[in-house]
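To start, the structure itself, in structure tokens.
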Amino acid sequence: MTDEFRTIKSGGEGYYTEKRSKFLAFAHHVSSVDEIKDLVAGYRKKYYDARHVCYAYMLGPERTEFRANDDGEPSSTAGKPILGQINSNELTDILIVVVRYYGGVNLGTSGLIVAYREAAADAIAHCEIETRQVEEVVTYSFAYPMMNDVMRIVKEMNPRIVSQTYDNTCEIKLSIRKSEAEQLKSRLAKLSFD
């Protein structure tokens, strides 16, 4: 199981022109379908005079939630080439929108595929790509006298402390790399039986 994924840090823009048709590409870091719908609606409104507003997105570290939209272009000539660029760069949590202004000359299916692919590639080229870790949050409740033992494990395994409360019963929330979560849970569980 991999616990890392590649995404973009911030947005980027790309541009491609072919036979007077202009292709404006915009890449965004996204984390939900609702966010994607808002962004696409915003582009449709902003570029209301454009012939097509095509897009593709990929969500989640497992890269299982995705969609490609041709917005009236011949089937698989716009959304799929955009998605292809997302896949070839192994990116996720990304939306790429390509706005096409028709130049009066038909490009044909192969011309469209190249144009959408190149516009998306240019947008990605203008993004800063980063590798992030898939994390799991582990919550552990314990009695105050166990504090030193708990903090020793925290120091050794180095998870990020999300929150902590110290009272009669203490609780600590730790965020750790998914591949190390089970080890952290079992080490904390063993404390209860020492």
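We label chains A, B, ... in the order they appear in the structure tokens, count residues from 1 in each chain, and number ligands from 1 in the order shown.
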(message) Could you go through range 69-114 of chain A and tell me which residues DSSP, when run on the backbone, assigns to strand (DSSP E), listing them as JSON, numbers by chain?
(response) {"A": [69, 94, 95, 96, 97, 98, 99, 100, 101]}
Counting only C-alpha atoms, which residues of range 88-112 of chain A fall within 10 Å of range 43-47 of chain A, and what is the closest atom pair for each with its distance in Å at one decimal, ordered by chain and rising number, as CSV?
```
residue,atom,partner,partner_atom,distance
A:Val97,CA,A:Tyr43,CA,8.0
A:Val98,CA,A:Tyr43,CA,9.3
A:Val99,CA,A:Tyr47,CA,7.5
A:Arg100,CA,A:Tyr47,CA,9.2
A:Tyr101,CA,A:Tyr47,CA,9.2
```
(message) Ranking A:Ser21, A:Ser179, A:Asn106, A:Ser10 by minimum distance to Gln133 in chain A and counting only C-alpha atoms, which one comes first?
(response) A:Ser179
(message) Going by DSSP on the backbone, which residues of chain A come out as alpha helix (DSSP H)? List them as an MDAnalysis selection string.
(response) chainID A and resid 33:46 79:88 108:125 147:157 178:191
Keeping C-alpha atoms for every residue in the selection just given, could you write it to a file as a PDB file, in the first residue's frame?
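Once written, result07.pdb looks like this:
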```pdb
ATOM      1  CA  VAL A  33     -16.803  17.434  -6.150  1.00  0.00           C
ATOM      2  CA  ASP A  34     -18.736  20.468  -4.829  1.00  0.00           C
ATOM      3  CA  GLU A  35     -15.610  22.611  -5.148  1.00  0.00           C
ATOM      4  CA  ILE A  36     -15.149  21.319  -8.723  1.00  0.00           C
ATOM      5  CA  LYS A  37     -18.772  22.140  -9.650  1.00  0.00           C
ATOM      6  CA  ASP A  38     -18.341  25.699  -8.336  1.00  0.00           C
ATOM      7  CA  LEU A  39     -15.103  26.207 -10.280  1.00  0.00           C
ATOM      8  CA  VAL A  40     -16.539  24.837 -13.542  1.00  0.00           C
ATOM      9  CA  ALA A  41     -19.684  26.973 -13.133  1.00  0.00           C
ATOM     10  CA  GLY A  42     -17.419  29.987 -12.571  1.00  0.00           C
ATOM     11  CA  TYR A  43     -15.542  29.326 -15.830  1.00  0.00           C
ATOM     12  CA  ARG A  44     -18.799  28.842 -17.764  1.00  0.00           C
ATOM     13  CA  LYS A  45     -19.970  32.216 -16.439  1.00  0.00           C
ATOM     14  CA  LYS A  46     -16.656  34.040 -16.986  1.00  0.00           C
ATOM     15  CA  GLY A  79     -12.106  15.379 -21.499  1.00  0.00           C
ATOM     16  CA  LYS A  80     -10.133  12.167 -22.107  1.00  0.00           C
ATOM     17  CA  PRO A  81      -6.951  13.905 -23.369  1.00  0.00           C
ATOM     18  CA  ILE A  82      -7.116  16.280 -20.360  1.00  0.00           C
ATOM     19  CA  LEU A  83      -7.556  13.290 -18.005  1.00  0.00           C
ATOM     20  CA  GLY A  84      -4.712  11.572 -19.850  1.00  0.00           C
ATOM     21  CA  GLN A  85      -2.352  14.403 -18.845  1.00  0.00           C
ATOM     22  CA  ILE A  86      -3.484  14.129 -15.208  1.00  0.00           C
ATOM     23  CA  ASN A  87      -2.801  10.368 -15.355  1.00  0.00           C
ATOM     24  CA  SER A  88       0.553  10.580 -17.117  1.00  0.00           C
ATOM     25  CA  GLY A 108     -10.923  17.140 -36.744  1.00  0.00           C
ATOM     26  CA  THR A 109     -10.842  14.594 -33.955  1.00  0.00           C
ATOM     27  CA  SER A 110      -7.063  14.098 -33.944  1.00  0.00           C
ATOM     28  CA  GLY A 111      -6.510  17.872 -33.998  1.00  0.00           C
ATOM     29  CA  LEU A 112      -8.870  18.341 -31.051  1.00  0.00           C
ATOM     30  CA  ILE A 113      -7.212  15.566 -29.049  1.00  0.00           C
ATOM     31  CA  VAL A 114      -3.776  17.150 -29.594  1.00  0.00           C
ATOM     32  CA  ALA A 115      -5.058  20.652 -28.752  1.00  0.00           C
ATOM     33  CA  TYR A 116      -6.765  19.655 -25.477  1.00  0.00           C
ATOM     34  CA  ARG A 117      -3.826  17.451 -24.484  1.00  0.00           C
ATOM     35  CA  GLU A 118      -1.257  20.203 -25.150  1.00  0.00           C
ATOM     36  CA  ALA A 119      -3.313  22.883 -23.359  1.00  0.00           C
ATOM     37  CA  ALA A 120      -3.671  20.639 -20.278  1.00  0.00           C
ATOM     38  CA  ALA A 121       0.050  19.742 -20.380  1.00  0.00           C
ATOM     39  CA  ASP A 122       0.953  23.451 -20.510  1.00  0.00           C
ATOM     40  CA  ALA A 123      -1.254  24.181 -17.476  1.00  0.00           C
ATOM     41  CA  ILE A 124       0.412  21.342 -15.511  1.00  0.00           C
ATOM     42  CA  ALA A 125       3.851  22.612 -16.575  1.00  0.00           C
ATOM     43  CA  MET A 147       1.573  10.515  30.289  1.00  0.00           C
ATOM     44  CA  ASN A 148       5.336   9.772  30.175  1.00  0.00           C
ATOM     45  CA  ASP A 149       4.823   6.433  28.415  1.00  0.00           C
ATOM     46  CA  VAL A 150       2.466   7.971  25.835  1.00  0.00           C
ATOM     47  CA  MET A 151       4.807  10.897  25.157  1.00  0.00           C
ATOM     48  CA  ARG A 152       7.765   8.511  24.767  1.00  0.00           C
ATOM     49  CA  ILE A 153       5.911   6.693  21.950  1.00  0.00           C
ATOM     50  CA  VAL A 154       4.958  10.050  20.401  1.00  0.00           C
ATOM     51  CA  LYS A 155       8.621  11.113  20.487  1.00  0.00           C
ATOM     52  CA  GLU A 156       9.827   7.812  18.966  1.00  0.00           C
ATOM     53  CA  MET A 157       7.221   7.553  16.189  1.00  0.00           C
ATOM     54  CA  LYS A 178      -1.196   5.613   7.046  1.00  0.00           C
ATOM     55  CA  SER A 179       1.383   2.812   6.772  1.00  0.00           C
ATOM     56  CA  GLU A 180       2.529   3.480  10.365  1.00  0.00           C
ATOM     57  CA  ALA A 181      -0.941   3.903  11.929  1.00  0.00           C
ATOM     58  CA  GLU A 182      -1.400   0.251  12.953  1.00  0.00           C
ATOM     59  CA  GLN A 183       2.001   0.177  14.668  1.00  0.00           C
ATOM     60  CA  LEU A 184       1.139   3.366  16.603  1.00  0.00           C
ATOM     61  CA  LYS A 185      -2.263   1.949  17.643  1.00  0.00           C
ATOM     62  CA  SER A 186      -0.777  -1.349  18.855  1.00  0.00           C
ATOM     63  CA  ARG A 187       2.023   0.363  20.811  1.00  0.00           C
ATOM     64  CA  LEU A 188      -0.501   2.648  22.525  1.00  0.00           C
ATOM     65  CA  ALA A 189      -2.842  -0.300  23.217  1.00  0.00           C
ATOM     66  CA  LYS A 190      -0.017  -2.237  24.898  1.00  0.00           C
ATOM     67  CA  LEU A 191       0.428   0.639  27.397  1.00  0.00           C
TER      68      LEU A 191
END
```
(request) Kindly indicate which residue among A:Glu171, A:Glu4, A:Asp93, A:Glu73 lies nearest to Gly60 in chain A, using only C-alpha atoms for the distances. (result)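 Distance minimum relative to Gly60 in chain A lands on A:Asp93.
Near Arg132 in chain A, within 10 Å and counting only C-alpha atoms, sit Asp3, Glu4, Phe5, Arg6, Thr7, Ile8, Lys9 and Pro61 of chain A, not including residues fewer than 5 positions from it in the same chain.
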(message) Using only C-alpha atoms for the distances, tell me which of A:Tyr57, A:Phe142, A:Tyr102, A:Tyr16 is nearest to Asn168 in chain A.
(response)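 Looking only at the distances to Asn168 in chain A, the closest residue turns out to be A:Phe142.
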(request) Just give me the gap between CA of Phe66 in chain A and CA of Thr92 in chain A in Å, one decimal is fine. (result) 9.0 Å
(request) Extract, using only C-alpha atoms, all DNA, RNA and protein residues at most 8 Å from Arg20 in chain A, discarding same-chain residues fewer than 4 positions from it, and format them as a list in words. (result) Tyr102, Gly103, Gly104 and Val105 of chain A
(message) Using Å and a single decimal, report how far CA of Arg51 in chain A sits from CA of Asp70 in chain A.
(response)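 Between these atoms lies a distance of 11.5 Å.
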(message) Show me, as an MDAnalysis selection string, the residues that have an atom within 10 Å of Val137 in chain A when counting only C-alpha atoms, minus same-chain residues fewer than 6 positions from it.
(response) chainID A and resid 159:162 173:178 181
(request) Determine the nearest neighbour of Ser75 in chain A from the options A:Cys54, A:Val134, A:Ile129, A:Ala143, counting only C-alpha atoms. (result)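 Of all the options, A:Cys54 lies closest to Ser75 in chain A.
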